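Remarks on the structure that follows.
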Amino acid sequence: MTGSEQRTAAGMITALLQPWHAAVNDPVTAQQGVLQHLLQIYAQTDYGVQHGAAQVRTIEDYRRAFPIATYEDYKPLIQRVMSGEVRLLLTEDPVGWAITRGTAKGESKFIPMTPTDLRMRVSAGRAMLNYVVSSGRYDLFEGVNLNLNFPSVVGTVRVGEREVEYGYSSGIYTKYVSAHTPIRSVPSQEEIDALGGGKTTRDWEARFELAYEKCKNENVTLVGGVAPTAILFARYLRRAHGVYPKDLWKTQIMTLGSVPGINTRYQPALTALYGPVAIREIYGTTEGMFGQQRDECRAWVPNYDLFFFEVQTRSGVKMLHEMRSGEMGSLIVSTPILARYKIGDLILALRPPYFRCIGRERWWTPLRYFWDELMSLNMGWL
């Protein structure tokens, strides 16, 4: 990439990142704007009309009109949407149904993914783009992204008279958005999907072998996906081919999500297997991409310009940006699909504007987090 091309790329990337940085600098104004935008969307749905979205003017109005709701509260409505009552929760038809295993009872959660939702999930790329601008490593775009994402289709479920396809959000995202990202993903999501949606060891080894065959002669500069899967892939390479990823590629950065402790508990294994890579954590769930790591500080920064964030703490419900350093709470997100959705994750506030998801909302989660911090000698260090 020439100097002129780099300057052009830097200008484009900076413009893409500007709304995020501006919102982080002024979360109060950003969150008020996001709420008004979401209310306009809710006012076009039956659920929003039922709760008087068009009459809501302030955050206090919003909290009075819309109750905090868990997946179990939304489940009957989602099932009706799957049956064809799209306008109950959505203003556009879903392009896919994402599945997760995050409920307390181990039951699958189904979340619709819409075109608007997919465009918002591009925000996960902010971690990589911010790295490129700050480091000047524009040669990252000359390589490929090692695609270790889950399949976008793993099966179907019958709802009424209809068969509905479902898959994992990361796969659906990659399938529909990869054409609009500045770096090519290999293997393609279609190639991953062609192997089927199985979950056995043999199924995953088939995906890992596909990734190896497609990428062994490529310049892999980026690895994105789920942290434990990246580690399993590296161990498969050693077992099946006698090499580690660091023997094949000079990867610059890994953008990883799905589990707490990516920068602490998982970091030693990741750098041992992939080499001296920059690690950037993504805080994304089946319901949306809510934040990503901005710099060397080992915590993520919220997408205040895209989602409305509240948190339920011991002192009551407050805005996420109002949390004090060291305070914990249960995250409540408002997305274009789900209003005041209690996602079930415990959030720890560090030095503003940095946060960590420390795990699911369980009584032992803080104990596990602090034990991991102690054993990894991190002790809350950013």
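Chain identifiers are assigned as A, B, and so on, following the order in which chains appear in the structure tokens; residues are numbered from 1 within each chain, and ligands are numbered from 1 in order of appearance.
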I'd like the contact shell of A:Trp20 - 12 Å cut-off, only C-alpha atoms, skipping same-chain residues fewer than 2 positions apart - returned as a PyMOL selection string. chain A and resi 13-18+22-27+30-31+120+123-127+129-130+290-294+301-307+353
Would you list the contacts of stretch 236-243 of chain A as an MDAnalysis selection string, taking every protein, DNA or RNA residue within 8 Å and counting only C-alpha atoms, but skipping same-chain residues closer than 5 positions in sequence? chainID A and resid 205 208 212 248
Please return, as a PyMOL selection string, all residues of stretch 17-249 of chain A that DSSP assigns to alpha helix (DSSP H) on the basis of the backbone. chain A and resi 17-25+27-42+46-50+59-65+71-82+115-121+126-135+169-177+189-193+201-215+227-241+245-248
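With atom CA of A:Arg87 on one side and atom CA of A:Pro151 on the other, the separation reads 27.5 Å.
Distances from A:Tyr166, A:Phe309, A:Val223, A:Phe355 to A:Gln32 were compared using only C-alpha atoms, and the smallest one belongs to A:Phe309.
With only C-alpha atoms as the atoms that count, the residue of A:Lys246, A:Arg235, A:Arg162, A:Lys175 with the shortest distance to A:Val95 is A:Lys175.
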Looking at A:Thr313, A:Thr201, A:Ser135, A:Ser170, which one is nearest to A:Asp295, with distances taken over only C-alpha atoms? A:Ser135
Atom-to-atom span, atom CA of A:Gln44 and atom CA of A:Thr91, Å: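 Atom CA of A:Thr91 lies 6.5 Å from atom CA of A:Gln44.
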Taking a cut-off of 6 Å and counting only C-alpha atoms, can you build a table that, for each residue of stretch 231-253 of chain A near stretch 267-287 of chain A, reports the nearest atom pair and how far apart they are in Å (one decimal), sorted by chain then residue number, as JSON lines?
{"residue": "A:Tyr244", "atom": "CA", "partner": "A:Leu273", "partner_atom": "CA", "distance": 6.0}
{"residue": "A:Pro245", "atom": "CA", "partner": "A:Tyr274", "partner_atom": "CA", "distance": 5.2}
{"residue": "A:Lys246", "atom": "CA", "partner": "A:Tyr274", "partner_atom": "CA", "distance": 4.4}
{"residue": "A:Gln252", "atom": "CA", "partner": "A:Val277", "partner_atom": "CA", "distance": 5.1}
{"residue": "A:Ile253", "atom": "CA", "partner": "A:Ala278", "partner_atom": "CA", "distance": 4.5}
Output file for the selection above: C-alpha atoms, as a PDB file, in the first residue's frame:
ATOM      1  CA  TYR A 244       1.311 -24.403  15.334  1.00  0.00           C
ATOM      2  CA  PRO A 245      -0.338 -21.327  13.782  1.00  0.00           C
ATOM      3  CA  LYS A 246       2.803 -19.297  14.601  1.00  0.00           C
ATOM      4  CA  GLN A 252      -0.903  -9.348  13.594  1.00  0.00           C
ATOM      5  CA  ILE A 253      -4.105  -9.320  15.617  1.00  0.00           C
TER       6      ILE A 253
END
Just the strand (DSSP E) stuff from stretch 138-219 of chain A, please, per backbone DSSP, written as a list in words.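 Taking stretch 138-219 of chain A and keeping strand (DSSP E) gives Val144, Asn145, Leu146, Asn147, Gly155, Thr156, Val157, Arg158, Val159, Arg162, Glu163, Val164, Glu165, Tyr166, Arg184, Ser185 and Val186 of chain A.
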Could you write those residues out with C-alpha atoms, as a PDB file, in the first residue's frame?
ATOM      1  CA  VAL A 144      -6.788 -12.631   5.043  1.00  0.00           C
ATOM      2  CA  ASN A 145      -8.909 -13.299   8.101  1.00  0.00           C
ATOM      3  CA  LEU A 146      -8.767 -16.894   9.335  1.00  0.00           C
ATOM      4  CA  ASN A 147     -12.475 -17.687   9.587  1.00  0.00           C
ATOM      5  CA  GLY A 155     -30.810 -27.054  11.552  1.00  0.00           C
ATOM      6  CA  THR A 156     -34.485 -26.233  11.346  1.00  0.00           C
ATOM      7  CA  VAL A 157     -37.264 -25.960  13.870  1.00  0.00           C
ATOM      8  CA  ARG A 158     -40.974 -26.321  13.182  1.00  0.00           C
ATOM      9  CA  VAL A 159     -43.073 -23.392  14.327  1.00  0.00           C
ATOM     10  CA  ARG A 162     -43.388 -23.439   9.003  1.00  0.00           C
ATOM     11  CA  GLU A 163     -39.832 -24.842   9.059  1.00  0.00           C
ATOM     12  CA  VAL A 164     -37.413 -22.141  10.228  1.00  0.00           C
ATOM     13  CA  GLU A 165     -33.657 -22.387   9.623  1.00  0.00           C
ATOM     14  CA  TYR A 166     -31.383 -21.374  12.475  1.00  0.00           C
ATOM     15  CA  ARG A 184     -11.320 -11.302   2.988  1.00  0.00           C
ATOM     16  CA  SER A 185     -12.408 -14.197   5.248  1.00  0.00           C
ATOM     17  CA  VAL A 186     -11.003 -17.660   4.456  1.00  0.00           C
TER      18      VAL A 186
END
